[in-house]
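File shown: protein_12.cif (mmCIF, C-alpha atoms).
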data_final
#
loop_
_atom_site.group_PDB
_atom_site.id
_atom_site.type_symbol
_atom_site.label_atom_id
_atom_site.label_comp_id
_atom_site.auth_asym_id
_atom_site.auth_seq_id
_atom_site.Cartn_x
_atom_site.Cartn_y
_atom_site.Cartn_z
ATOM 1 C CA MET A 1 0.345 -7.400 12.004
ATOM 2 C CA THR A 2 -1.533 -8.193 8.827
ATOM 3 C CA ALA A 3 -5.034 -7.072 7.977
ATOM 4 C CA GLU A 4 -6.143 -10.698 8.159
ATOM 5 C CA GLU A 5 -4.762 -10.967 11.710
ATOM 6 C CA ALA A 6 -6.718 -7.820 12.657
ATOM 7 C CA ARG A 7 -9.889 -9.302 11.220
ATOM 8 C CA ARG A 8 -9.423 -12.568 13.123
ATOM 9 C CA GLU A 9 -8.227 -11.287 16.493
ATOM 10 C CA PHE A 10 -10.235 -8.088 16.832
ATOM 11 C CA GLY A 11 -13.194 -8.616 14.489
ATOM 12 C CA ALA A 12 -11.973 -5.538 12.649
ATOM 13 C CA ASP A 13 -13.388 -4.284 9.396
ATOM 14 C CA VAL A 14 -10.427 -3.404 7.200
ATOM 15 C CA VAL A 15 -11.009 -0.867 4.451
ATOM 16 C CA TRP A 16 -7.998 0.144 2.368
ATOM 17 C CA LEU A 17 -8.209 3.721 1.119
ATOM 18 C CA PRO A 18 -5.837 5.365 -1.343
ATOM 19 C CA PHE A 19 -3.002 7.401 0.127
ATOM 20 C CA ASP A 20 -0.362 8.913 -2.146
ATOM 21 C CA LEU A 21 2.580 8.938 0.248
ATOM 22 C CA HIS A 22 5.083 10.364 -2.238
ATOM 23 C CA PRO A 23 3.368 12.169 -5.110
ATOM 24 C CA GLU A 24 6.660 13.984 -5.741
ATOM 25 C CA TYR A 25 8.387 10.805 -6.937
ATOM 26 C CA PRO A 26 9.114 10.922 -10.662
ATOM 27 C CA PRO A 27 7.073 8.580 -12.883
ATOM 28 C CA GLU A 28 10.005 6.151 -13.059
ATOM 29 C CA GLY A 29 10.328 6.039 -9.236
ATOM 30 C CA ILE A 30 13.500 6.335 -7.168
ATOM 31 C CA PRO A 31 16.189 3.782 -6.273
ATOM 32 C CA LEU A 32 15.444 1.826 -3.112
ATOM 33 C CA ALA A 33 18.957 2.559 -1.852
ATOM 34 C CA GLU A 34 18.194 6.301 -2.053
ATOM 35 C CA LEU A 35 15.054 5.867 0.041
ATOM 36 C CA HIS A 36 16.975 3.876 2.629
ATOM 37 C CA ARG A 37 19.703 6.552 2.767
ATOM 38 C CA ARG A 38 17.043 9.218 3.371
ATOM 39 C CA TYR A 39 15.773 7.340 6.397
ATOM 40 C CA GLY A 40 19.138 6.064 7.576
ATOM 41 C CA ILE A 41 18.274 2.391 7.318
ATOM 42 C CA GLY A 42 20.246 -0.521 5.942
ATOM 43 C CA VAL A 43 19.939 -2.016 2.497
ATOM 44 C CA GLY A 44 20.195 -5.542 1.169
ATOM 45 C CA GLU A 45 20.811 -8.047 3.947
ATOM 46 C CA THR A 46 20.859 -5.252 6.563
ATOM 47 C CA ASP A 47 17.395 -3.995 5.574
ATOM 48 C CA PRO A 48 15.414 -4.062 8.860
ATOM 49 C CA LEU A 49 12.201 -4.974 7.056
ATOM 50 C CA ARG A 50 13.733 -8.282 6.021
ATOM 51 C CA ASP A 51 13.709 -9.543 9.624
ATOM 52 C CA ARG A 52 10.239 -8.156 10.328
ATOM 53 C CA PHE A 53 8.813 -9.944 7.315
ATOM 54 C CA ALA A 54 10.595 -13.169 8.239
ATOM 55 C CA ALA A 55 9.254 -12.970 11.809
ATOM 56 C CA ALA A 56 5.742 -12.720 10.370
ATOM 57 C CA GLY A 57 6.372 -15.669 8.050
ATOM 58 C CA LEU A 58 6.315 -13.465 4.958
ATOM 59 C CA GLU A 59 8.694 -13.394 2.029
ATOM 60 C CA TYR A 60 10.528 -10.099 1.510
ATOM 61 C CA LYS A 61 11.751 -9.378 -1.980
ATOM 62 C CA ARG A 62 10.941 -5.866 -3.094
ATOM 63 C CA PRO A 63 12.108 -4.166 -6.286
ATOM 64 C CA GLU A 64 15.210 -2.020 -6.431
ATOM 65 C CA ILE A 65 12.998 0.884 -7.532
ATOM 66 C CA VAL A 66 10.462 2.521 -5.220
ATOM 67 C CA PRO A 67 7.676 3.421 -7.629
ATOM 68 C CA ASN A 68 5.475 6.414 -7.999
ATOM 69 C CA THR A 69 2.241 4.644 -7.017
ATOM 70 C CA ARG A 70 -0.308 7.085 -8.376
ATOM 71 C CA LEU A 71 -1.289 4.843 -11.305
ATOM 72 C CA ALA A 72 -1.558 1.813 -9.001
ATOM 73 C CA LEU A 73 -3.762 3.818 -6.616
ATOM 74 C CA ARG A 74 -6.002 4.932 -9.486
ATOM 75 C CA MET A 75 -6.149 1.342 -10.755
ATOM 76 C CA SER A 76 -7.150 0.233 -7.255
ATOM 77 C CA GLU A 77 -10.122 2.570 -7.423
ATOM 78 C CA LEU A 78 -11.123 0.981 -10.737
ATOM 79 C CA ALA A 79 -10.902 -2.386 -8.977
ATOM 80 C CA ARG A 80 -13.088 -1.051 -6.133
ATOM 81 C CA GLU A 81 -15.687 0.014 -8.704
ATOM 82 C CA HIS A 82 -15.713 -3.545 -10.092
ATOM 83 C CA GLY A 83 -15.927 -5.171 -6.640
ATOM 84 C CA LEU A 84 -12.344 -6.442 -6.979
ATOM 85 C CA HIS A 85 -10.514 -4.060 -4.675
ATOM 86 C CA ALA A 86 -9.492 -6.649 -2.074
ATOM 87 C CA PRO A 87 -7.999 -9.153 -4.530
ATOM 88 C CA PHE A 88 -6.300 -6.400 -6.541
ATOM 89 C CA HIS A 89 -4.889 -4.731 -3.425
ATOM 90 C CA ASP A 90 -3.625 -8.065 -2.135
ATOM 91 C CA ARG A 91 -2.075 -8.853 -5.520
ATOM 92 C CA LEU A 92 -0.344 -5.446 -5.622
ATOM 93 C CA MET A 93 1.074 -5.924 -2.130
ATOM 94 C CA ASP A 94 2.257 -9.460 -2.818
ATOM 95 C CA GLY A 95 3.755 -8.416 -6.131
ATOM 96 C CA TYR A 96 5.610 -5.469 -4.646
ATOM 97 C CA TRP A 97 6.802 -6.911 -1.325
ATOM 98 C CA SER A 98 7.376 -10.567 -2.253
ATOM 99 C CA GLN A 99 7.999 -10.670 -6.001
ATOM 100 C CA ALA A 100 9.918 -7.430 -6.661
ATOM 101 C CA THR A 101 7.208 -6.171 -9.031
ATOM 102 C CA ASN A 102 7.421 -2.503 -10.018
ATOM 103 C CA VAL A 103 3.817 -1.487 -9.324
ATOM 104 C CA GLY A 104 4.447 1.893 -10.929
ATOM 105 C CA ASP A 105 4.918 0.263 -14.338
ATOM 106 C CA ALA A 106 1.840 0.217 -16.597
ATOM 107 C CA ASP A 107 2.724 -3.171 -18.118
ATOM 108 C CA GLU A 108 3.061 -4.748 -14.688
ATOM 109 C CA LEU A 109 -0.258 -3.208 -13.631
ATOM 110 C CA ARG A 110 -1.906 -4.602 -16.763
ATOM 111 C CA ARG A 111 -0.640 -8.055 -15.833
ATOM 112 C CA LEU A 112 -1.756 -7.831 -12.206
ATOM 113 C CA ALA A 113 -5.156 -6.414 -13.191
ATOM 114 C CA ALA A 114 -5.700 -9.276 -15.643
ATOM 115 C CA GLU A 115 -4.812 -11.809 -12.937
ATOM 116 C CA VAL A 116 -7.710 -10.609 -10.776
ATOM 117 C CA GLY A 117 -10.158 -10.206 -13.644
ATOM 118 C CA LEU A 118 -10.291 -6.458 -14.241
ATOM 119 C CA PRO A 119 -11.633 -5.714 -17.740
ATOM 120 C CA ALA A 120 -8.719 -4.920 -20.062
ATOM 121 C CA ALA A 121 -10.576 -2.046 -21.754
ATOM 122 C CA ASP A 122 -11.188 -0.349 -18.392
ATOM 123 C CA VAL A 123 -7.571 -0.880 -17.368
ATOM 124 C CA GLU A 124 -6.439 0.798 -20.595
ATOM 125 C CA ARG A 125 -8.757 3.748 -19.973
ATOM 126 C CA VAL A 126 -7.146 4.325 -16.556
ATOM 127 C CA ILE A 127 -3.639 4.021 -17.989
ATOM 128 C CA GLU A 128 -4.395 6.407 -20.855
ATOM 129 C CA ASP A 129 -6.317 9.037 -18.859
ATOM 130 C CA PRO A 130 -4.336 10.348 -15.854
ATOM 131 C CA ALA A 131 -7.440 12.146 -14.570
ATOM 132 C CA LEU A 132 -9.509 8.974 -14.076
ATOM 133 C CA TYR A 133 -9.939 8.298 -10.351
ATOM 134 C CA LEU A 134 -7.428 11.022 -9.526
ATOM 135 C CA ASP A 135 -10.034 12.959 -7.518
ATOM 136 C CA ALA A 136 -10.652 9.882 -5.349
ATOM 137 C CA VAL A 137 -6.932 9.372 -4.729
ATOM 138 C CA GLU A 138 -6.196 13.018 -3.993
ATOM 139 C CA GLY A 139 -9.327 13.486 -1.882
ATOM 140 C CA SER A 140 -8.608 10.440 0.258
ATOM 141 C CA THR A 141 -4.965 11.492 0.621
ATOM 142 C CA GLN A 142 -5.913 14.997 1.750
ATOM 143 C CA GLN A 143 -8.487 13.684 4.204
ATOM 144 C CA ALA A 144 -5.894 11.340 5.713
ATOM 145 C CA ILE A 145 -3.313 14.124 5.998
ATOM 146 C CA SER A 146 -5.905 16.339 7.701
ATOM 147 C CA ILE A 147 -6.272 13.838 10.561
ATOM 148 C CA GLY A 148 -2.529 13.315 11.010
ATOM 149 C CA ILE A 149 -1.711 10.394 8.757
ATOM 150 C CA ASN A 150 1.764 10.687 7.244
ATOM 151 C CA ALA A 151 2.863 7.076 6.821
ATOM 152 C CA VAL A 152 1.717 3.804 5.327
ATOM 153 C CA PRO A 153 0.153 1.659 6.351
ATOM 154 C CA ALA A 154 -1.988 3.716 8.684
ATOM 155 C CA PHE A 155 -4.834 2.329 10.723
ATOM 156 C CA VAL A 156 -7.713 4.376 12.092
ATOM 157 C CA LEU A 157 -9.241 2.396 14.933
ATOM 158 C CA ASP A 158 -12.834 3.123 15.885
ATOM 159 C CA ARG A 159 -12.456 6.578 14.287
ATOM 160 C CA ARG A 160 -10.582 7.612 17.452
ATOM 161 C CA LEU A 161 -7.050 6.265 17.386
ATOM 162 C CA ILE A 162 -4.413 6.187 14.647
ATOM 163 C CA VAL A 163 -1.664 3.580 14.451
ATOM 164 C CA LEU A 164 1.010 4.562 11.943
ATOM 165 C CA GLY A 165 3.306 2.189 10.124
ATOM 166 C CA ALA A 166 3.685 -1.556 10.152
ATOM 167 C CA GLN A 167 3.489 -2.452 13.818
ATOM 168 C CA PRO A 168 3.712 -5.701 15.762
ATOM 169 C CA ILE A 169 0.480 -7.208 17.018
ATOM 170 C CA GLU A 170 1.279 -6.096 20.593
ATOM 171 C CA VAL A 171 0.849 -2.461 19.520
ATOM 172 C CA PHE A 172 -2.628 -3.245 18.207
ATOM 173 C CA ARG A 173 -3.569 -5.195 21.326
ATOM 174 C CA SER A 174 -2.572 -2.193 23.406
ATOM 175 C CA ALA A 175 -4.463 0.190 21.112
ATOM 176 C CA PHE A 176 -7.651 -1.867 21.214
ATOM 177 C CA ALA A 177 -7.340 -2.188 25.009
ATOM 178 C CA GLN A 178 -7.019 1.601 25.211
ATOM 179 C CA LEU A 179 -10.194 1.991 23.155
ATOM 180 C CA ALA A 180 -12.068 -0.464 25.373
ATOM 181 C CA ALA A 181 -11.120 1.360 28.587
#
Do you think you could lay out the structure here as structure tokens?
Amino acid sequence: MTAEEARREFGADVVWLPFDLHPEYPPEGIPLAELHRRYGIGVGETDPLRDRFAAAGLEYKRPEIVPNTRLALRMSELAREHGLHAPFHDRLMDGYWSQATNVGDADELRRLAAEVGLPAADVERVIEDPALYLDAVEGSTQQAISIGINAVPAFVLDRRLIVLGAQPIEVFRSAFAQLAA
């Protein structure tokens, strides 16, 4: 289910908050194959996400490196400050999942930020100062962990129910029905 589907079908307000799933990843990221080995899932043509994306009508072409996303999360908070969070978030997701963009790379983030109109000087400040927006990222991450979130995406429905991971629409229909009962 996409956020847009949730908006349409359930009238949901979707607010993306920063969550640093793997702060332990080195700045250069880790190989995708290593991540898949950790979780015991296939790679390449046997990657189970490939079929899930195809079933949703989405292109699946992610980079061979799973990035450390801390800089991208901090940049997203800059975008939020400028009223550009939604387009920047969408551009990050499309770049990563469909265009094999390494969203942990400062040059790639510069390019994506420029595409949505973030001021270049502000982008450079975030890249150069690792403390900028770090409190927002770490605070949001800790708050999410404190309520049981340990995966992305994670959806908090009506502040009462958490749906973890990318789930089919049937899971959300069931969750919203549970909330309505």
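Interatomic distance, CA of Ala114 in chain A to CA of Asp135 in chain A: 24.1 Å.
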Ground truth for the PyMOL selection byres ((chain A and resi 5) around 12), written as a PDB file with C-alpha atoms, in the frame of the given file:
ATOM      1  CA  MET A   1       0.345  -7.400  12.004  1.00  0.00           C
ATOM      2  CA  THR A   2      -1.533  -8.193   8.827  1.00  0.00           C
ATOM      3  CA  ALA A   3      -5.034  -7.072   7.977  1.00  0.00           C
ATOM      4  CA  GLU A   4      -6.143 -10.698   8.159  1.00  0.00           C
ATOM      5  CA  ALA A   6      -6.718  -7.820  12.657  1.00  0.00           C
ATOM      6  CA  ARG A   7      -9.889  -9.302  11.220  1.00  0.00           C
ATOM      7  CA  ARG A   8      -9.423 -12.568  13.123  1.00  0.00           C
ATOM      8  CA  GLU A   9      -8.227 -11.287  16.493  1.00  0.00           C
ATOM      9  CA  PHE A  10     -10.235  -8.088  16.832  1.00  0.00           C
ATOM     10  CA  GLY A  11     -13.194  -8.616  14.489  1.00  0.00           C
ATOM     11  CA  ALA A  12     -11.973  -5.538  12.649  1.00  0.00           C
ATOM     12  CA  ASP A  13     -13.388  -4.284   9.396  1.00  0.00           C
ATOM     13  CA  VAL A  14     -10.427  -3.404   7.200  1.00  0.00           C
ATOM     14  CA  ALA A  56       5.742 -12.720  10.370  1.00  0.00           C
ATOM     15  CA  PRO A 168       3.712  -5.701  15.762  1.00  0.00           C
ATOM     16  CA  ILE A 169       0.480  -7.208  17.018  1.00  0.00           C
ATOM     17  CA  GLU A 170       1.279  -6.096  20.593  1.00  0.00           C
ATOM     18  CA  PHE A 172      -2.628  -3.245  18.207  1.00  0.00           C
ATOM     19  CA  ARG A 173      -3.569  -5.195  21.326  1.00  0.00           C
TER      20      ARG A 173
END
*Using only C-alpha atoms, which residue out of A:Pro130, A:Pro63, A:Gly117, A:Pro153 lies closest to Ile30 in chain A?*
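Among A:Pro130, A:Pro63, A:Gly117, A:Pro153, it is A:Pro63 that comes nearest to Ile30 in chain A.
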*Just say which residues the PyMOL selection byres ((chain A and resi 178) around 12) picks in this file, as a list in words.*
Leu157, Asp158, Arg160, Leu161, Ile162, Val171, Phe172, Arg173, Ser174, Ala175, Phe176, Ala177, Leu179, Ala180 and Ala181 of chain A
_Given the PyMOL selection byres ((chain A and resi 90) around 12), the residues it picks as a ChimeraX atom specification_ = /A:2-4,16,76,79,84-89,91-98,112-113,115-116
*asked:* Taking all atoms listed in the file into account, name the residue in A:Ala72, A:Leu17, A:Leu32, A:Arg62 that is nearest to Gly139 in chain A.
replied: A:Leu17
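Close contacts of Val137 in chain A, defined as residues with an atom at most 12 Å away when counting all atoms listed in the file, with chain neighbours fewer than 2 positions off set aside, comprise Trp16, Leu17, Pro18, Phe19, Asp20, Leu21, Pro23, Thr69, Arg70, Leu71, Ala72, Leu73, Arg74, Met75, Ser76, Glu77, Leu78, Pro130, Ala131, Leu132, Tyr133, Leu134, Asp135, Gly139, Ser140, Thr141, Gln142, Gln143 and Ala144 of chain A.
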*One decimal, Å: what's the distance from CA of Ile147 in chain A over to CA of Ala166 in chain A, could you say?*
18.3 Å
*Which residue out of A:Val152, A:Val103, A:Val163, A:Val123 has the minimum interatomic distance to Gly29 in chain A when all atoms listed in the file are used?*
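Answer, going by the shortest atom-to-atom distance: A:Val103.
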*asked:* Taking only C-alpha atoms into account, name the residue in A:Glu81, A:Glu128, A:Leu35, A:Tyr25 that is nearest to Asp47 in chain A.
replied: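 Nearest candidate to Asp47 in chain A out of A:Glu81, A:Glu128, A:Leu35, A:Tyr25: A:Leu35.
For the pair CA of Val156 in chain A and CA of Leu49 in chain A, the interatomic distance is 22.6 Å.
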*Surrounding residues of Pro26 in chain A excluding itself and chain neighbours under 5 positions, 12 Å, only C-alpha atoms, as a list in words*: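 Close residues of Pro26 in chain A: Pro31, Ile65, Val66, Pro67, Asn68, Thr69, Arg70 and Gly104 of chain A.
Taking only C-alpha atoms into account, Asn102 in chain A lies nearest to A:Lys61 out of the set A:Ala120, A:Ala136, A:Arg50, A:Lys61.
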